[in-house]
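Asker: Take a look at work-v8.cif, mmCIF, C-alpha atoms:
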```cif
data_entry
#
loop_
_atom_site.label_atom_id
_atom_site.label_comp_id
_atom_site.auth_asym_id
_atom_site.auth_seq_id
_atom_site.Cartn_x
_atom_site.Cartn_y
_atom_site.Cartn_z
CA MET A 1 0.00 0.00 0.00
CA THR A 2 2.74 2.49 0.87
CA PHE A 3 4.54 1.63 -2.38
CA SER A 4 1.35 2.39 -4.27
CA LEU A 5 0.55 5.61 -2.39
CA LEU A 6 4.07 7.01 -2.64
CA HIS A 7 4.01 6.57 -6.39
CA ALA A 8 0.59 8.19 -6.54
CA THR A 9 1.97 11.16 -4.60
CA ASP A 10 4.86 11.48 -7.04
CA PHE A 11 2.42 11.20 -9.93
CA ALA A 12 0.17 13.93 -8.48
CA ASP A 13 3.15 16.22 -8.07
CA ARG A 14 4.32 15.68 -11.65
CA LEU A 15 0.79 16.02 -12.95
CA LEU A 16 0.32 19.41 -11.31
CA TYR A 17 3.73 20.85 -12.16
CA LYS A 18 4.87 19.09 -15.33
CA ILE A 19 1.80 17.87 -17.19
CA ILE A 20 -1.17 20.18 -16.68
CA PRO A 21 0.64 23.50 -17.30
CA PRO A 22 2.08 22.49 -20.72
CA LEU A 23 -1.28 20.96 -21.70
CA LYS A 24 -2.97 24.25 -20.89
CA ALA A 25 -0.36 25.98 -23.02
CA GLY A 26 -1.28 23.73 -25.93
CA MET A 27 1.95 21.74 -25.87
CA ILE A 28 2.51 18.05 -26.39
CA VAL A 29 3.41 16.09 -23.27
CA LEU A 30 5.31 12.84 -23.70
CA ALA A 31 5.05 10.75 -20.54
CA ASP A 32 7.55 7.94 -20.08
CA ARG A 33 5.23 5.60 -18.13
CA TYR A 34 1.87 6.77 -16.82
CA ALA A 35 -0.79 5.60 -14.38
CA TYR A 36 -1.00 2.29 -16.29
CA THR A 37 2.38 1.32 -14.86
CA ALA A 38 0.90 1.72 -11.40
CA PHE A 39 -2.24 -0.22 -12.34
CA ALA A 40 -0.14 -3.16 -13.54
CA ARG A 41 2.50 -3.09 -10.82
CA ASP A 42 0.24 -2.44 -7.83
CA ALA A 43 -2.27 -5.10 -8.84
CA THR A 44 0.61 -7.58 -9.13
CA ARG A 45 1.59 -6.64 -5.57
CA GLY A 46 -1.92 -7.51 -4.39
CA VAL A 47 -3.47 -4.06 -4.14
CA ASP A 48 -7.15 -3.92 -5.11
CA ARG A 49 -7.47 -3.17 -8.84
CA GLN A 50 -10.57 -1.01 -8.54
CA TRP A 51 -9.09 0.96 -5.66
CA VAL A 52 -5.95 1.86 -7.66
CA ARG A 53 -8.04 3.02 -10.60
CA GLU A 54 -10.14 5.23 -8.34
CA LEU A 55 -7.02 6.48 -6.57
CA TYR A 56 -5.68 7.77 -9.91
CA SER A 57 -9.00 9.24 -11.03
CA PHE A 58 -7.50 12.73 -10.49
CA GLY A 59 -5.17 12.05 -13.44
CA VAL A 60 -5.69 13.33 -16.96
CA ARG A 61 -6.71 10.64 -19.41
CA PRO A 62 -4.06 10.63 -22.18
CA ASP A 63 -5.10 11.39 -25.76
CA MET A 64 -3.06 8.36 -26.69
CA ALA A 65 -1.33 5.60 -24.76
CA LEU A 66 1.34 3.43 -26.36
CA TYR A 67 2.28 0.08 -24.87
CA PHE A 68 5.58 -1.40 -25.98
CA ARG A 69 5.15 -5.11 -25.47
CA VAL A 70 7.98 -7.64 -25.24
CA PRO A 71 8.08 -11.22 -23.99
CA ILE A 72 9.61 -11.61 -20.55
CA ASP A 73 12.80 -13.28 -21.81
CA VAL A 74 13.57 -10.46 -24.20
CA SER A 75 13.22 -7.83 -21.49
CA LEU A 76 15.35 -9.85 -19.08
CA ASP A 77 18.08 -10.34 -21.72
CA ARG A 78 18.09 -6.66 -22.58
CA LEU A 79 18.37 -5.61 -18.94
CA MET A 80 21.11 -8.14 -18.20
CA ALA A 81 23.08 -7.00 -21.23
CA ARG A 82 23.11 -3.44 -19.90
CA ARG A 83 23.78 -3.97 -16.23
CA VAL A 84 24.77 -6.81 -13.98
CA LYS A 85 22.31 -6.38 -11.14
CA LEU A 86 18.51 -6.29 -11.32
CA LYS A 87 16.90 -3.67 -9.10
CA PHE A 88 15.25 -5.00 -5.95
CA TYR A 89 11.70 -3.70 -6.58
CA GLU A 90 11.91 -4.11 -10.34
CA ALA A 91 12.51 -7.82 -9.76
CA GLY A 92 9.67 -7.91 -7.22
CA MET A 93 12.09 -9.16 -4.55
CA ASP A 94 9.91 -7.50 -1.88
CA LEU A 95 7.26 -10.15 -2.52
CA GLY A 96 9.56 -12.99 -1.48
CA TRP A 97 8.57 -15.25 -4.37
CA SER A 98 12.16 -16.26 -5.09
CA SER A 99 15.55 -15.47 -3.60
CA ASN A 100 17.09 -15.58 -7.06
CA PRO A 101 16.73 -12.12 -8.66
CA ALA A 102 16.37 -13.45 -12.22
CA ASP A 103 13.73 -16.02 -11.19
CA SER A 104 11.92 -13.42 -9.12
CA PHE A 105 12.03 -10.98 -12.05
CA ARG A 106 10.58 -13.61 -14.36
CA LEU A 107 7.73 -14.41 -11.96
CA PHE A 108 6.98 -10.82 -11.02
CA GLN A 109 7.30 -9.18 -14.43
CA GLY A 110 5.41 -12.10 -15.96
CA LYS A 111 2.45 -11.20 -13.74
CA VAL A 112 2.95 -7.52 -14.58
CA LEU A 113 2.70 -8.36 -18.30
CA ASP A 114 -0.55 -10.25 -17.65
CA GLU A 115 -1.89 -7.12 -15.97
CA TYR A 116 -0.85 -4.99 -18.95
CA ASP A 117 -2.81 -7.32 -21.22
CA ARG A 118 -5.93 -6.56 -19.17
CA LEU A 119 -5.20 -2.84 -19.48
CA VAL A 120 -4.86 -2.96 -23.26
CA GLU A 121 -8.48 -3.89 -23.49
CA GLU A 122 -9.80 -1.82 -20.60
CA PHE A 123 -8.12 1.46 -21.64
CA GLY A 124 -7.56 0.92 -25.34
CA LEU A 125 -3.77 1.06 -25.22
CA GLU A 126 -2.04 0.99 -28.62
CA VAL A 127 0.20 -2.08 -28.63
CA ILE A 128 3.59 -1.92 -30.30
CA ASP A 129 5.60 -5.07 -30.81
CA ALA A 130 8.82 -4.03 -29.13
CA ARG A 131 10.78 -7.03 -30.35
CA GLY A 132 11.27 -5.32 -33.70
CA SER A 133 14.05 -2.90 -34.60
CA ILE A 134 13.95 0.62 -33.25
CA MET A 135 13.43 1.94 -36.80
CA GLU A 136 10.39 -0.26 -37.39
CA GLN A 137 8.88 0.66 -34.03
CA GLN A 138 9.47 4.36 -34.58
CA ARG A 139 7.89 4.26 -38.02
CA PHE A 140 4.80 2.63 -36.54
CA VAL A 141 4.65 5.10 -33.64
CA ARG A 142 4.83 8.05 -36.06
CA HIS A 143 2.10 6.49 -38.13
CA LEU A 144 -0.11 6.20 -35.01
CA ILE A 145 0.58 9.70 -33.77
CA ALA A 146 0.32 11.63 -37.05
CA PRO A 147 -3.50 11.90 -37.14
CA HIS A 148 -3.53 13.43 -33.64
CA LEU A 149 -0.93 16.01 -34.56
CA GLU A 150 -2.68 17.41 -37.64
CA LEU A 151 -5.42 18.62 -35.35
CA GLY A 152 -2.80 20.02 -32.96
CA GLU A 153 -1.07 22.03 -35.70
CA GLN A 154 -4.26 23.83 -36.59
CA LEU A 155 -4.72 24.84 -32.98
CA GLU A 156 -1.15 26.00 -32.82
CA THR A 157 -1.43 28.29 -35.85
CA THR A 158 -4.48 30.00 -34.39
CA ASP A 159 -2.48 30.51 -31.19
CA GLU A 160 0.47 31.98 -33.07
CA GLN A 161 -1.53 34.75 -34.68
CA PRO A 162 -0.28 38.19 -33.73
CA VAL A 163 -2.38 40.10 -31.26
CA MET B 1 2.35 -16.44 2.94
CA SER B 2 1.84 -15.20 -0.57
CA SER B 3 2.64 -17.03 -3.76
CA PRO B 4 2.49 -15.88 -7.36
CA SER B 5 -0.40 -18.22 -8.08
CA GLU B 6 -2.83 -16.44 -5.75
CA ASP B 7 -5.19 -14.06 -7.44
CA PRO B 8 -5.43 -11.04 -5.15
CA VAL B 9 -8.90 -10.13 -6.35
CA GLU B 10 -10.39 -13.46 -5.36
CA ASN B 11 -9.78 -12.84 -1.67
CA ALA B 12 -10.71 -9.17 -1.55
CA GLU B 13 -11.63 -9.44 2.13
CA GLY B 14 -13.93 -6.74 3.38
CA ALA B 15 -14.61 -5.35 -0.08
CA ASN B 16 -18.00 -4.38 1.28
CA GLY B 17 -17.04 -3.99 4.92
CA GLY B 18 -19.01 -0.76 5.22
CA MET B 19 -19.18 0.56 8.75
CA GLN B 20 -18.72 -2.73 10.56
CA PRO B 21 -16.17 -2.20 13.39
CA GLY B 22 -12.91 -4.05 12.92
CA ARG B 23 -13.47 -4.43 9.16
CA TYR B 24 -12.25 -2.40 6.23
CA TYR B 25 -14.44 0.58 5.31
CA GLY B 26 -14.15 -0.05 1.60
CA ARG B 27 -12.19 -2.28 -0.69
CA GLY B 28 -9.53 -2.90 1.94
CA ILE B 29 -6.11 -4.45 1.50
CA PRO B 30 -6.60 -7.73 -0.39
CA TYR B 31 -3.28 -9.22 0.76
CA LEU B 32 -4.10 -8.52 4.43
CA PRO B 33 -7.42 -10.16 5.28
CA ILE B 34 -8.45 -9.06 8.78
CA GLY B 35 -11.47 -11.11 9.80
CA ASN B 36 -12.09 -11.77 13.49
CA TYR B 37 -8.97 -10.32 15.02
CA PRO B 38 -9.20 -10.18 18.82
CA GLY B 39 -7.83 -6.63 19.25
CA LYS B 40 -9.89 -3.46 19.53
CA LEU B 41 -9.32 -0.16 17.77
CA ILE B 42 -10.27 3.03 19.60
CA ALA B 43 -9.81 6.38 17.87
CA ILE B 44 -9.67 9.70 19.69
CA GLU B 45 -10.42 12.55 17.31
CA GLY B 46 -10.55 16.29 17.64
CA THR B 47 -8.80 19.43 16.46
CA ASP B 48 -5.65 20.83 18.01
CA GLY B 49 -5.77 21.88 21.63
CA VAL B 50 -8.62 19.63 22.79
CA GLY B 51 -6.41 17.54 25.06
CA ARG B 52 -6.24 14.36 23.02
CA SER B 53 -2.75 13.31 24.11
CA THR B 54 -3.51 13.90 27.80
CA GLN B 55 -6.66 11.80 27.58
CA ILE B 56 -4.88 9.03 25.68
CA GLN B 57 -2.06 8.88 28.21
CA LEU B 58 -4.53 8.57 31.11
CA LEU B 59 -6.63 6.03 29.28
CA ARG B 60 -3.59 3.96 28.45
CA GLU B 61 -2.43 3.79 32.08
CA TRP B 62 -5.88 2.79 33.21
CA LEU B 63 -6.21 0.08 30.55
CA GLU B 64 -2.80 -1.33 31.35
CA VAL B 65 -3.59 -1.52 35.05
CA LYS B 66 -6.72 -3.42 34.08
CA GLY B 67 -4.50 -5.92 32.23
CA TYR B 68 -4.95 -4.90 28.62
CA GLY B 69 -2.03 -4.67 26.24
CA VAL B 70 -2.09 -1.20 24.69
CA VAL B 71 -0.49 0.13 21.52
CA GLU B 72 -0.62 3.79 20.53
CA THR B 73 -0.46 5.21 17.06
CA GLY B 74 -0.64 8.82 16.00
CA TRP B 75 -0.95 11.06 13.00
CA THR B 76 2.24 11.42 10.85
CA ARG B 77 4.18 9.23 13.24
CA SER B 78 5.15 6.62 10.65
CA GLU B 79 8.86 5.94 10.43
CA LEU B 80 8.67 5.82 6.67
CA MET B 81 6.88 9.10 6.13
CA GLN B 82 7.48 11.49 9.03
CA PRO B 83 10.72 13.01 7.67
CA THR B 84 9.21 13.38 4.19
CA ILE B 85 6.08 15.08 5.49
CA GLU B 86 8.09 17.51 7.61
CA LEU B 87 10.31 18.30 4.64
CA ALA B 88 7.36 18.82 2.32
CA LYS B 89 5.58 21.08 4.80
CA SER B 90 8.68 23.26 5.09
CA SER B 91 8.81 23.85 1.35
CA ASN B 92 6.24 25.62 -0.77
CA THR B 93 5.63 22.85 -3.27
CA LEU B 94 2.83 21.03 -1.48
CA ASN B 95 -0.50 21.01 -3.18
CA LYS B 96 -3.73 19.87 -1.56
CA LEU B 97 -3.58 16.63 -3.55
CA THR B 98 0.00 15.71 -2.70
CA PHE B 99 -0.76 16.69 0.90
CA VAL B 100 -3.66 14.24 1.02
CA LEU B 101 -1.62 11.47 -0.56
CA LEU B 102 1.35 11.95 1.78
CA TYR B 103 -0.98 11.68 4.78
CA ALA B 104 -2.59 8.59 3.28
CA THR B 105 0.83 6.99 2.80
CA ASP B 106 1.73 7.70 6.41
CA PHE B 107 -1.57 6.21 7.51
CA ALA B 108 -1.13 3.11 5.33
CA ASP B 109 2.35 2.54 6.75
CA ARG B 110 1.12 2.70 10.34
CA LEU B 111 -1.90 0.57 9.55
CA GLU B 112 0.19 -2.22 8.05
CA LYS B 113 3.12 -2.06 10.44
CA GLU B 114 1.47 -1.10 13.75
CA VAL B 115 -2.31 -1.31 13.80
CA ILE B 116 -3.05 -4.57 12.02
CA PRO B 117 -0.32 -6.61 13.77
CA ALA B 118 -1.48 -5.23 17.14
CA LEU B 119 -5.14 -6.08 16.44
CA LYS B 120 -4.09 -9.56 15.36
CA ALA B 121 -2.22 -10.02 18.63
CA GLY B 122 -5.19 -8.87 20.72
CA PHE B 123 -4.04 -5.41 21.76
CA VAL B 124 -6.19 -2.37 22.38
CA VAL B 125 -4.98 0.17 19.82
CA LEU B 126 -5.41 3.80 20.82
CA SER B 127 -5.22 6.05 17.79
CA ASP B 128 -4.42 9.71 18.37
CA ARG B 129 -6.46 11.10 15.45
CA TYR B 130 -7.69 8.82 12.69
CA ILE B 131 -8.75 9.19 9.06
CA PHE B 132 -11.33 11.81 10.06
CA THR B 133 -8.54 14.35 10.51
CA ALA B 134 -7.50 13.72 6.91
CA LEU B 135 -11.09 13.85 5.66
CA ALA B 136 -11.73 17.13 7.49
CA ARG B 137 -8.55 18.86 6.36
CA ALA B 138 -8.95 17.77 2.76
CA GLY B 139 -12.67 18.50 2.79
CA VAL B 140 -11.99 22.10 3.86
CA ARG B 141 -9.50 22.37 0.97
CA GLY B 142 -12.13 21.31 -1.53
CA VAL B 143 -10.92 17.79 -2.31
CA ASP B 144 -13.73 15.59 -3.60
CA ARG B 145 -15.39 13.90 -0.63
CA GLN B 146 -16.33 10.72 -2.44
CA TRP B 147 -12.79 10.28 -3.77
CA LEU B 148 -11.44 10.72 -0.23
CA ARG B 149 -13.76 8.05 1.14
CA THR B 150 -12.77 5.65 -1.61
CA LEU B 151 -9.09 6.43 -1.02
CA TYR B 152 -9.45 5.61 2.68
CA GLY B 153 -11.39 2.46 1.86
CA PHE B 154 -8.30 0.57 3.04
CA ALA B 155 -8.78 1.92 6.58
CA ILE B 156 -10.32 -0.19 9.33
CA ALA B 157 -13.54 1.03 10.92
CA PRO B 158 -12.69 1.58 14.62
CA HIS B 159 -14.69 -0.14 17.35
CA MET B 160 -15.12 3.24 19.02
CA VAL B 161 -14.54 6.80 17.81
CA PHE B 162 -14.47 9.52 20.44
CA TYR B 163 -14.69 13.08 19.21
CA LEU B 164 -13.49 15.74 21.61
CA LYS B 165 -15.52 18.74 20.60
CA VAL B 166 -14.80 22.41 21.35
CA ASP B 167 -16.05 25.73 20.10
CA VAL B 168 -13.67 27.89 18.13
CA SER B 169 -13.23 30.59 20.81
CA THR B 170 -12.14 28.06 23.43
CA LEU B 171 -9.86 26.43 20.88
CA ILE B 172 -8.17 29.74 20.04
CA ARG B 173 -7.49 30.57 23.70
CA ARG B 174 -6.05 27.11 24.33
CA VAL B 175 -3.77 27.13 21.31
CA LEU B 176 -2.51 30.64 22.10
CA ALA B 177 -1.85 29.72 25.73
CA ALA B 178 -0.02 26.53 24.74
CA ARG B 179 2.29 27.47 21.87
CA GLY B 180 0.72 29.93 19.45
CA MET B 181 -0.68 29.54 15.97
CA ASP B 182 1.37 27.94 13.24
CA PHE B 183 1.15 28.24 9.47
CA TRP B 184 -0.61 24.96 8.66
CA GLU B 185 -2.90 24.90 11.70
CA SER B 186 -4.07 28.33 10.63
CA GLY B 187 -4.80 27.17 7.11
CA MET B 188 -2.54 29.92 5.77
CA ASP B 189 -2.03 27.80 2.63
CA LEU B 190 -5.65 28.59 1.75
CA LYS B 191 -4.66 32.26 1.47
CA GLN B 192 -7.95 33.51 2.84
CA SER B 193 -6.32 36.16 4.96
CA ASP B 194 -2.81 37.47 5.55
CA GLU B 195 -3.69 37.89 9.16
CA ILE B 196 -2.95 34.71 11.10
CA TYR B 197 -5.66 35.18 13.74
CA ASP B 198 -8.42 35.68 11.15
CA SER B 199 -7.14 32.82 9.06
CA PHE B 200 -6.90 30.50 12.07
CA ARG B 201 -10.42 31.35 13.18
CA ALA B 202 -11.93 30.88 9.72
CA TYR B 203 -10.00 27.68 9.04
CA GLN B 204 -10.65 26.03 12.39
CA SER B 205 -14.35 26.95 12.21
CA LYS B 206 -14.56 25.18 8.88
CA LEU B 207 -12.70 22.17 10.28
CA LEU B 208 -15.14 21.96 13.18
CA ARG B 209 -18.03 22.00 10.72
CA GLU B 210 -16.39 19.16 8.77
CA TYR B 211 -16.03 17.04 11.91
CA THR B 212 -19.62 17.74 12.89
CA SER B 213 -20.84 16.71 9.46
CA MET B 214 -19.04 13.36 9.86
CA ALA B 215 -20.39 12.62 13.35
CA ASP B 216 -23.41 10.64 12.22
CA GLU B 217 -21.82 9.03 9.19
CA PHE B 218 -18.99 7.52 11.25
CA HIS B 219 -20.77 7.06 14.59
CA PHE B 220 -18.75 9.52 16.65
CA ARG B 221 -19.19 9.48 20.41
CA VAL B 222 -19.10 13.21 21.06
CA LEU B 223 -17.52 14.49 24.30
CA ASP B 224 -17.50 18.11 25.39
CA ALA B 225 -13.78 18.97 25.49
CA ARG B 226 -14.40 22.15 27.51
CA ARG B 227 -15.08 20.11 30.63
CA PRO B 228 -12.26 19.38 33.12
CA VAL B 229 -9.73 16.70 32.17
CA ASP B 230 -10.85 14.21 34.82
CA HIS B 231 -14.54 14.53 33.87
CA ILE B 232 -13.73 13.70 30.28
CA GLN B 233 -11.47 10.85 31.37
CA ASP B 234 -14.20 9.38 33.60
CA GLU B 235 -16.62 9.44 30.70
CA LEU B 236 -14.06 7.83 28.38
CA ARG B 237 -13.37 5.07 30.91
CA ARG B 238 -17.04 4.47 31.51
CA GLN B 239 -17.75 3.99 27.81
CA VAL B 240 -14.59 1.98 27.11
CA ALA B 241 -15.25 -0.31 30.07
CA ALA B 242 -18.84 -0.84 28.97
CA PHE B 243 -17.56 -1.85 25.56
CA LEU B 244 -14.54 -3.97 26.54
CA GLU B 245 -15.85 -5.85 29.53
CA PRO B 246 -18.74 -7.70 27.94
CA ALA B 247 -16.55 -8.37 24.92
CA GLU B 248 -14.30 -11.34 25.27
CA LYS B 249 -11.05 -10.41 27.00
CA PRO B 250 -7.91 -10.60 24.89
CA ALA B 251 -5.92 -13.82 24.93
CA GLU B 252 -3.71 -14.44 27.96
CA ALA B 253 -0.56 -14.17 25.86
CA ALA B 254 -1.39 -10.60 24.93
CA LEU B 255 -2.12 -9.68 28.56
CA THR B 256 1.22 -10.65 30.02
CA ARG B 257 3.87 -8.48 28.55
#
```
Starting from the file, give its structure as structure tokens.

Answerer:
Amino acid sequence: MTFSLLHATDFADRLLYKIIPPLKAGMIVLADRYAYTAFARDATRGVDRQWVRELYSFGVRPDMALYFRVPIDVSLDRLMARRVKLKFYEAGMDLGWSSNPADSFRLFQGKVLDEYDRLVEEFGLEVIDARGSIMEQQRFVRHLIAPHLELGEQLETTDEQPV
Amino acid sequence: MSSPSEDPVENAEGANGGMQPGRYYGRGIPYLPIGNYPGKLIAIEGTDGVGRSTQIQLLREWLEVKGYGVVETGWTRSELMQPTIELAKSSNTLNKLTFVLLYATDFADRLEKEVIPALKAGFVVLSDRYIFTALARAGVRGVDRQWLRTLYGFAIAPHMVFYLKVDVSTLIRRVLAARGMDFWESGMDLKQSDEIYDSFRAYQSKLLREYTSMADEFHFRVLDARRPVDHIQDELRRQVAAFLEPAEKPAEAALTR
């Protein structure tokens, strides 16, 4: 519960200072992770799913949410290639499911991925196959985002008119 | 013990606990089912300067002499959160929402680490303030009341809630005599007045109205805090005894400590 509430506090702070002001100014906000991370992670830790959703109901619903999906082994390989040690909470070591960090990671993040699959349907997340090359993924992302931006550009030009 | 195969939603204990004492108010904490714990939770509520800590200290001594194991818990006393809350209050970055969530985190920490284990072991838990303080403060600041109640759905409904009630004029004299008015107690963050006395009076009056509006909803036992300390203590003891004595006494193991 404290893990969940501390992250919600951090989220509220960022929302009020870093997200809402630029949105009001008509800017584009790119959020690296959003409330969905909390929905997936907290539910995996045994926090009530409905409660977490209601907790975050003060958040702004994104115009678009992208979910980069990879199988558990790919994400584990990528992390291990970059650094030797898995982070304690990232591997879900606090849950005591396994004393081996890699095994714990596999169990914990496996459950997290299951939760994300629920979210895809519930919140209409756009799924991107993150096994592909960065180029391929980026091309697809741009293709998804383009229609939203055309609308944005029109708004921007009206804003830019001299007073 | 938890294992990855357990579905947390399936055992959402107390998801509809409602107002039943000793159960979660709302959706609760699924990984901590709390049915039928032998301990009792007694909350003492009231604004600043109503003598809560004095009453709790006297009540504790009396309960211990009677053979009950007693555990105390109090607002923002969690080891995890106290330094953070103090730090945040000293800066100017706190917003009403982050304020609410920091308090809730502190409360959750104490609930998991202090209150629930003590109830499980058969202690009487005396809580110096409870969620009603958070509901009142946030309510005055315009936070959505329904959202607040859902948020605190992980709290346990106390077996008894005592509300030490004063009028604002008595409260002002007591706070001034004790230590003076501080920034947060005066609701200066609401920026209703630059003058601390006016702000304190307006803010505390609103807080008192919030508490009053919760009295029925949460079954407060209202005590007049203007009466002498020993009168209030006698009334507390009378009501606590009437509640505890017919109830089954805690297990022997919890009594001998």

Asker: Going by the chain IDs and residue numbers used in this file, which residues fall under the PyMOL selection byres ((chain A) within 7 of (chain B))? Write them as an mmCIF file with C-alpha atoms, in the frame of the given file.

Answerer:
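Result file follows (result_18.cif):
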```cif
data_model
loop_
_atom_site.group_PDB
_atom_site.id
_atom_site.type_symbol
_atom_site.label_atom_id
_atom_site.label_comp_id
_atom_site.auth_asym_id
_atom_site.auth_seq_id
_atom_site.Cartn_x
_atom_site.Cartn_y
_atom_site.Cartn_z
ATOM 1 C CA MET A 1 0.000 0.000 0.000
ATOM 2 C CA THR A 2 2.740 2.490 0.870
ATOM 3 C CA LEU A 5 0.550 5.610 -2.390
ATOM 4 C CA LEU A 6 4.070 7.010 -2.640
ATOM 5 C CA THR A 9 1.970 11.160 -4.600
ATOM 6 C CA ALA A 12 0.170 13.930 -8.480
ATOM 7 C CA ASP A 13 3.150 16.220 -8.070
ATOM 8 C CA GLY A 46 -1.920 -7.510 -4.390
ATOM 9 C CA VAL A 47 -3.470 -4.060 -4.140
ATOM 10 C CA ASP A 48 -7.150 -3.920 -5.110
ATOM 11 C CA TRP A 51 -9.090 0.960 -5.660
ATOM 12 C CA LEU A 55 -7.020 6.480 -6.570
ATOM 13 C CA TRP A 97 8.570 -15.250 -4.370
#
```

Asker: Enumerate, as a count of residues only, the residues matched when the PyMOL selection byres ((chain B and resi 49) around 8) is run on the file above.

Answerer: 8

Asker: Spell out the residues picked by the PyMOL selection byres ((chain A and resi 88) around 12) here, as a ChimeraX atom specification.

Answerer: /A:85-87,89-96,98-102,104-105,108

Asker: Could you check how far atom CA of B:Arg149 sits from atom CA of A:Glu54, in Å to one decimal?

Answerer: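 Distance between the two atoms: 10.5 Å.
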
Asker: Assuming 3 Å of padding per side, give the centre and edge lengths of the axis-aligned box around every listed atom of stretch 93-108 of chain A, in Å to one decimal and as JSON.

Answerer:
```
{"center_x": 12.0, "center_y": -11.9, "center_z": -7.9, "size_x": 16.1, "size_y": 14.8, "size_z": 18.9}
```

Asker: Can you work out the spacing between atom CA of B:Asp234 and atom CA of B:Glu217 in Å, to one decimal?

Answerer: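 We find that atom CA of B:Asp234 and atom CA of B:Glu217 lie 25.6 Å from each other.
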
Asker: Please list as a PyMOL selection string every residue within 12 Å of stretch 27-35 of chain A, counting all atoms listed in the file and excluding residues in the same chain fewer than 4 positions away.

Answerer: chain A and resi 4+7-12+14-15+18-23+39-42+52-68+116+119+123+125+145+148-149+151-153+155-156+159

Asker: I'd like to know which of B:Tyr211, B:Tyr203, B:Tyr24, B:Phe218 is closest to B:Ala155, using only C-alpha atoms.

Answerer: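 Selected residue with least distance to B:Ala155: B:Tyr24.
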
Asker: Which one of B:Asp216, B:Glu245, B:Glu61, B:Glu195 sits closest to B:Phe183 if you count only C-alpha atoms?

Answerer: B:Glu195

Asker: Neighbouring residues of B:Ile56 were defined as those with any atom within 8 Å, considering only C-alpha atoms; residues of the same chain fewer than 6 positions away were excluded. Please report them as a VMD selection string.

Answerer: chain B and resid 44 126 128

Asker: Between atom CA of A:Tyr17 and atom CA of B:Trp184, what is the spacing in Å?

Answerer: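 So the answer is 21.7 Å.
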
Asker: So which residues touch A:Ala130 within 7 Å, counting only C-alpha atoms, skipping near sequence neighbours fewer than 5 positions away, as a ChimeraX atom specification?

Answerer: /A:68-70,137
